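**Student:** Structure provided below as structure tokens; questions to follow.
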Amino acid sequence: MSIFVTGGAGYIGSVIAERLSADGERVVCLDDLSTGHRDAVVTETEFVQGTILNSTLVESVLRQHSVDTVIHCAGFSIVDESIRDPLRYFENNVVGGHALLRAMNSCGVRRIVFSSTAAVYGAPCSTPMDETHPIAPINPYGRSKRMVEEMFEWHARAYGLSFLSLRYFNAGGASARFGEHHSPETHLIPIALDVAAGARDALTVYGNAYPTPDGTCVRDFVHVEDLADGHARAVDYLRRGGDSGAINLGSGSGHSVLQVARAVEHVTGQTLRLEFGEPRENEAHTLVASREKALALLGWAPSRSNIEQIVADARRWRQQHPRGYAQ
Ligand SMILES: NC(=O)c1ccc[n+]([C@@H]2O[C@H](COP(=O)([O-])OP(=O)(O)OC[C@H]3O[C@@H](n4cnc5c(N)ncnc54)[C@H](O)[C@@H]3O)[C@@H](O)[C@H]2O)c1
């Protein structure tokens, strides 16, 4: 039996594959390296370069490696880009998700853990958000993830698929070996660390008149190793016959952009130059998770997700990899 990790050369997928390998699982990763890095693939795993859109390739990998469970991290995830180019997002995330499901169906693989997102909820009606919060994505990225969740729900009824959609809030931090390297980088913590290291001039804060305590957006940061732990537990849960559904993975506490900037200043000892820009289109001002369901069903509670720990681990990785991954 093996676990098939799509997007295993990406930031979160690499840390999940690392964790599962350390647990003694046989892991095979598929990635087209569109935003991932060959150097981020765990050496203990099998690696196949290719796209989830290629059902024939995916079917051959599922059969060859006797895959019993899929962890589906592959996808595009930049909100702004999805607004500018929704076709690309629906193609890769939705058509790709469909192709993956079709391959799983024809090979009789019936378990999947999915990298979903808090962006499926849209603007907050209540905080913290639990899984019964209304679903109303406000950008094509969130909608594309929700469409995949809906495909799972119908596949579960029709073909007996077991699935968990893990709705991550904001991933951060690094493991001992793997960290965050996106090009272009759009995530707050790596950008703020670049400013602290003198590699960028200033941190742009998009909007400072939101209805939040300091006017800047509030996000829930979850350590990437805690996310990996959530996936290991999700696989175990599905293998034990647990019910399908959606589960939030977040720390349960929110930090504003300015609070994150202060945490970066505290960890690095540098003062960040801030610039204030226009609010970004279709962005929720506050996204904070309720993590009660994750605790109840998976026994999951984050252990490294305090903001200083996340920033310190991200910084350590960036100091060890000043230019990110070589490949
Ligand atoms: N980073 C976050 O804070 C966050 C939050 C919520 C959800 N997510 C979701 O988690 C997943 C992983 O995010 P990440 O930050 O690690 O992003 P990432 O870009 O580092 O990883 C995605 C990986 O998928 C690969 N990929 C993309 N399309 C593919 C395709 N068609 N076939 C094969 N491989 C493909 C990329 O090359 C990359 O290695 C994404 O699906 C994202 O939507 C991330």
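Ligands are numbered from 1 in the order shown, residues from 1 within each chain, and chains are lettered A, B, ... in the order they appear in the structure tokens.
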For region 184-200 of chain A, work out the shell of residues within 8 Å, counting only C-alpha atoms and skipping chain neighbours fewer than 6 positions away, then give it as a VMD selection string.

**Tutor:** chain A and resid 78 172 257 260 to 261 264 to 265 268 270 to 273 311 314 to 315

**Student:** What parts of region 113-182 of chain A does DSSP call strand (DSSP E or B)? I'd like the answer as a ChimeraX atom specification.

**Tutor:** /A:113-117,129,162-168,170-172

**Student:** For C-alpha atoms, I'd like the residues from the last selection saved as a compact mmCIF listing (two decimals), in the first residue's frame.

**Tutor:**
# COMPACT_ATOMS: atom_id res chain seq x y z
CA VAL A 113 -7.50 13.90 1.56
CA PHE A 114 -7.79 17.26 -0.16
CA SER A 115 -5.93 20.58 0.29
CA SER A 116 -8.93 22.84 0.55
CA THR A 117 -8.93 26.35 1.93
CA MET A 129 -15.43 30.06 11.52
CA SER A 162 -14.22 8.47 1.31
CA PHE A 163 -12.83 11.97 1.52
CA LEU A 164 -11.69 14.65 3.91
CA SER A 165 -11.45 18.21 2.66
CA LEU A 166 -8.96 19.88 4.95
CA ARG A 167 -9.63 23.61 4.85
CA TYR A 168 -6.30 25.19 5.67
CA ASN A 170 -2.64 30.38 6.32
CA ALA A 171 0.29 27.99 6.23
CA GLY A 172 3.64 29.22 7.56

**Student:** For ligand 1, list the contacting residues at 6 Å or closer, counting only C-alpha atoms and all ligand atoms, as an mmCIF file with C-alpha atoms, in the first residue's frame.

**Tutor:**
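out22.cif was written with the following content:
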data_model
loop_
_atom_site.group_PDB
_atom_site.id
_atom_site.type_symbol
_atom_site.label_atom_id
_atom_site.label_comp_id
_atom_site.auth_asym_id
_atom_site.auth_seq_id
_atom_site.Cartn_x
_atom_site.Cartn_y
_atom_site.Cartn_z
ATOM 1 C CA THR A 6 -0.053 15.231 -5.717
ATOM 2 C CA GLY A 7 1.887 18.493 -5.526
ATOM 3 C CA GLY A 8 4.584 16.706 -3.503
ATOM 4 C CA ALA A 9 7.254 19.154 -4.738
ATOM 5 C CA GLY A 10 5.333 22.118 -3.351
ATOM 6 C CA TYR A 11 5.634 23.841 -0.005
ATOM 7 C CA ILE A 12 2.980 21.938 1.932
ATOM 8 C CA GLY A 13 3.129 18.693 -0.091
ATOM 9 C CA LEU A 30 3.461 13.484 -8.589
ATOM 10 C CA ASP A 31 4.199 17.083 -9.509
ATOM 11 C CA ASP A 32 4.481 18.993 -12.776
ATOM 12 C CA LEU A 33 6.928 21.445 -11.141
ATOM 13 C CA SER A 34 4.809 24.399 -12.330
ATOM 14 C CA THR A 35 5.293 26.099 -8.968
ATOM 15 C CA GLY A 36 7.153 23.345 -7.102
ATOM 16 C CA GLY A 50 3.704 15.034 -14.650
ATOM 17 C CA THR A 51 0.310 16.603 -14.349
ATOM 18 C CA ILE A 52 -2.852 15.420 -12.626
ATOM 19 C CA LEU A 53 -4.639 16.374 -15.863
ATOM 20 C CA CYS A 73 -2.196 19.131 -2.763
ATOM 21 C CA ALA A 74 -1.556 19.985 -6.446
ATOM 22 C CA GLY A 75 -3.182 23.192 -7.562
ATOM 23 C CA PHE A 76 -2.850 26.901 -8.107
ATOM 24 C CA SER A 77 -3.524 29.099 -5.090
ATOM 25 C CA ASN A 92 -5.953 23.263 -13.216
ATOM 26 C CA GLY A 96 -7.432 18.584 -12.751
ATOM 27 C CA SER A 115 -5.934 20.575 0.295
ATOM 28 C CA SER A 116 -8.928 22.842 0.552
ATOM 29 C CA THR A 117 -8.932 26.347 1.935
ATOM 30 C CA TYR A 168 -6.296 25.191 5.674
ATOM 31 C CA PHE A 169 -6.081 28.714 6.903
ATOM 32 C CA ASN A 170 -2.644 30.377 6.316
ATOM 33 C CA ALA A 171 0.291 27.991 6.232
#

**Student:** Quick one: residues within 7 Å of Arg111 (chain A), only C-alpha atoms counted, chain neighbours fewer than 5 positions away excluded, as a ChimeraX atom specification?

**Tutor:** /A:68-70,161-163,238

**Student:** Could you turn the residues from that selection into a file that holds C-alpha atoms, as a PDB file, in the first residue's frame?

**Tutor:**
ATOM      1  CA  ASP A  68      -4.739   3.044  -1.352  1.00  0.00           C
ATOM      2  CA  THR A  69      -5.000   6.748  -0.396  1.00  0.00           C
ATOM      3  CA  VAL A  70      -4.455  10.010  -2.261  1.00  0.00           C
ATOM      4  CA  LEU A 161     -15.473   7.599  -2.189  1.00  0.00           C
ATOM      5  CA  SER A 162     -14.224   8.466   1.312  1.00  0.00           C
ATOM      6  CA  PHE A 163     -12.834  11.970   1.520  1.00  0.00           C
ATOM      7  CA  LEU A 238     -10.166   7.396   6.601  1.00  0.00           C
TER       8      LEU A 238
END

**Student:** Go through region 193-325 of chain A and collect every residue that DSSP, computed from the backbone, puts in alpha helix (DSSP H); the answer should be as a VMD selection string.

**Tutor:** chain A and resid 193 to 196 224 to 239 257 to 268 292 to 298 307 to 320

**Student:** Using only N, CA and C atoms, please write the residues we just selected to a file, as a short mmCIF file (atom, residue, chain, number, x, y, z; two decimals), in the first residue's frame.

**Tutor:**
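For reference, selection17.cif as written:
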data_model
loop_
_atom_site.label_atom_id
_atom_site.label_comp_id
_atom_site.auth_asym_id
_atom_site.auth_seq_id
_atom_site.Cartn_x
_atom_site.Cartn_y
_atom_site.Cartn_z
N LEU A 193 10.08 38.64 5.92
CA LEU A 193 11.45 38.21 6.24
C LEU A 193 12.44 38.75 5.22
N ASP A 194 12.02 38.83 3.96
CA ASP A 194 12.89 39.43 2.93
C ASP A 194 13.17 40.89 3.25
N VAL A 195 12.13 41.60 3.72
CA VAL A 195 12.33 43.01 4.06
C VAL A 195 13.32 43.11 5.23
N ALA A 196 13.13 42.25 6.22
CA ALA A 196 14.04 42.28 7.38
C ALA A 196 15.48 41.96 6.97
N VAL A 224 3.33 24.62 9.10
CA VAL A 224 3.25 23.60 8.06
C VAL A 224 3.47 22.18 8.65
N GLU A 225 4.22 22.06 9.72
CA GLU A 225 4.37 20.73 10.34
C GLU A 225 3.08 20.30 11.06
N ASP A 226 2.34 21.27 11.59
CA ASP A 226 1.03 20.93 12.15
C ASP A 226 0.07 20.49 11.05
N LEU A 227 0.15 21.15 9.88
CA LEU A 227 -0.67 20.71 8.74
C LEU A 227 -0.32 19.27 8.37
N ALA A 228 0.98 18.98 8.31
CA ALA A 228 1.41 17.62 7.95
C ALA A 228 0.87 16.61 8.97
N ASP A 229 0.89 16.98 10.23
CA ASP A 229 0.33 16.10 11.27
C ASP A 229 -1.17 15.89 11.03
N GLY A 230 -1.86 16.94 10.64
CA GLY A 230 -3.29 16.82 10.34
C GLY A 230 -3.54 15.83 9.21
N HIS A 231 -2.66 15.83 8.20
CA HIS A 231 -2.83 14.89 7.07
C HIS A 231 -2.55 13.45 7.49
N ALA A 232 -1.52 13.26 8.30
CA ALA A 232 -1.22 11.90 8.78
C ALA A 232 -2.44 11.36 9.55
N ARG A 233 -3.04 12.21 10.36
CA ARG A 233 -4.22 11.80 11.14
C ARG A 233 -5.42 11.57 10.21
N ALA A 234 -5.54 12.40 9.18
CA ALA A 234 -6.68 12.26 8.25
C ALA A 234 -6.59 10.93 7.51
N VAL A 235 -5.39 10.54 7.09
CA VAL A 235 -5.22 9.25 6.40
C VAL A 235 -5.62 8.12 7.33
N ASP A 236 -5.14 8.20 8.54
CA ASP A 236 -5.45 7.17 9.54
C ASP A 236 -6.97 7.08 9.77
N TYR A 237 -7.59 8.24 9.88
CA TYR A 237 -9.04 8.33 10.13
C TYR A 237 -9.83 7.67 8.98
N LEU A 238 -9.44 7.99 7.74
CA LEU A 238 -10.17 7.40 6.60
C LEU A 238 -9.91 5.90 6.52
N ARG A 239 -8.66 5.48 6.79
CA ARG A 239 -8.37 4.03 6.74
C ARG A 239 -9.17 3.27 7.80
N VAL A 257 -2.07 41.80 9.96
CA VAL A 257 -0.84 41.98 9.18
C VAL A 257 0.18 42.75 10.02
N LEU A 258 -0.29 43.79 10.75
CA LEU A 258 0.66 44.58 11.56
C LEU A 258 1.23 43.73 12.71
N GLN A 259 0.41 42.87 13.29
CA GLN A 259 0.93 42.00 14.37
C GLN A 259 1.98 41.02 13.81
N VAL A 260 1.75 40.52 12.61
CA VAL A 260 2.75 39.62 12.01
C VAL A 260 4.04 40.40 11.74
N ALA A 261 3.90 41.62 11.25
CA ALA A 261 5.09 42.45 11.00
C ALA A 261 5.87 42.64 12.30
N ARG A 262 5.14 42.87 13.39
CA ARG A 262 5.82 43.05 14.69
C ARG A 262 6.51 41.76 15.14
N ALA A 263 5.86 40.61 14.88
CA ALA A 263 6.49 39.33 15.24
C ALA A 263 7.79 39.14 14.45
N VAL A 264 7.76 39.53 13.17
CA VAL A 264 8.98 39.41 12.35
C VAL A 264 10.06 40.35 12.90
N GLU A 265 9.68 41.55 13.30
CA GLU A 265 10.66 42.48 13.89
C GLU A 265 11.23 41.90 15.17
N HIS A 266 10.39 41.28 15.96
CA HIS A 266 10.84 40.72 17.23
C HIS A 266 11.82 39.57 17.02
N VAL A 267 11.48 38.69 16.07
CA VAL A 267 12.33 37.51 15.83
C VAL A 267 13.65 37.92 15.18
N THR A 268 13.60 38.89 14.26
CA THR A 268 14.82 39.23 13.50
C THR A 268 15.62 40.37 14.13
N GLU A 292 -12.39 23.00 16.65
CA GLU A 292 -13.02 21.98 17.49
C GLU A 292 -13.28 20.67 16.75
N LYS A 293 -13.70 20.77 15.48
CA LYS A 293 -14.00 19.54 14.74
C LYS A 293 -12.72 18.73 14.50
N ALA A 294 -11.63 19.42 14.19
CA ALA A 294 -10.35 18.72 13.97
C ALA A 294 -9.92 17.99 15.24
N LEU A 295 -10.16 18.62 16.37
CA LEU A 295 -9.81 17.98 17.65
C LEU A 295 -10.72 16.77 17.90
N ALA A 296 -12.01 16.97 17.67
CA ALA A 296 -12.97 15.90 17.98
C ALA A 296 -12.78 14.69 17.06
N LEU A 297 -12.59 14.92 15.76
CA LEU A 297 -12.55 13.78 14.82
C LEU A 297 -11.14 13.22 14.63
N LEU A 298 -10.15 14.11 14.61
CA LEU A 298 -8.79 13.65 14.31
C LEU A 298 -7.89 13.65 15.54
N ILE A 307 2.68 32.34 16.52
CA ILE A 307 3.21 33.14 15.42
C ILE A 307 4.74 33.31 15.51
N GLU A 308 5.27 33.41 16.71
CA GLU A 308 6.74 33.60 16.83
C GLU A 308 7.47 32.33 16.39
N GLN A 309 6.92 31.17 16.73
CA GLN A 309 7.53 29.90 16.32
C GLN A 309 7.50 29.77 14.80
N ILE A 310 6.35 30.12 14.21
CA ILE A 310 6.21 30.04 12.75
C ILE A 310 7.24 30.94 12.07
N VAL A 311 7.33 32.18 12.55
CA VAL A 311 8.28 33.13 11.95
C VAL A 311 9.72 32.66 12.16
N ALA A 312 10.02 32.16 13.36
CA ALA A 312 11.40 31.72 13.65
C ALA A 312 11.79 30.55 12.75
N ASP A 313 10.86 29.60 12.54
CA ASP A 313 11.19 28.45 11.69
C ASP A 313 11.32 28.87 10.23
N ALA A 314 10.44 29.77 9.78
CA ALA A 314 10.54 30.27 8.40
C ALA A 314 11.87 31.00 8.21
N ARG A 315 12.26 31.76 9.21
CA ARG A 315 13.52 32.52 9.12
C ARG A 315 14.73 31.57 9.05
N ARG A 316 14.72 30.56 9.92
CA ARG A 316 15.83 29.60 9.93
C ARG A 316 16.00 28.98 8.55
N TRP A 317 14.86 28.56 7.95
CA TRP A 317 14.95 27.91 6.63
C TRP A 317 15.48 28.89 5.58
N ARG A 318 15.02 30.12 5.65
CA ARG A 318 15.47 31.11 4.66
C ARG A 318 16.94 31.47 4.86
N GLN A 319 17.38 31.44 6.10
CA GLN A 319 18.81 31.71 6.32
C GLN A 319 19.65 30.56 5.75
N GLN A 320 19.12 29.33 5.86
CA GLN A 320 19.84 28.17 5.30
C GLN A 320 19.73 28.12 3.78
#

**Student:** Using CA of Ser251 (chain A) and CA of Pro140 (chain A) as the two end points, give the distance in Å to one decimal.

**Tutor:**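 Calculated distance between CA of Ser251 (chain A) and CA of Pro140 (chain A) is 25.0 Å.
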
**Student:** What does the distance between CA of Leu101 (chain A) and CA of Gly245 (chain A) come to in Å, to one decimal place?

**Tutor:** 16.3 Å

**Student:** Which distance in Å separates CA of Arg280 (chain A) and CA of Arg304 (chain A), to one decimal?

**Tutor:**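 These two atoms are separated by 29.3 Å.
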
**Student:** In terms of the shortest atom-to-atom distance over only C-alpha atoms, which of A:Val27, A:Val120, A:Leu203, A:Ile247 is closest to Arg143 (chain A)?

**Tutor:**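 Checking each of A:Val27, A:Val120, A:Leu203, A:Ile247 against Arg143 (chain A), counting only C-alpha atoms, the winner is A:Val120.
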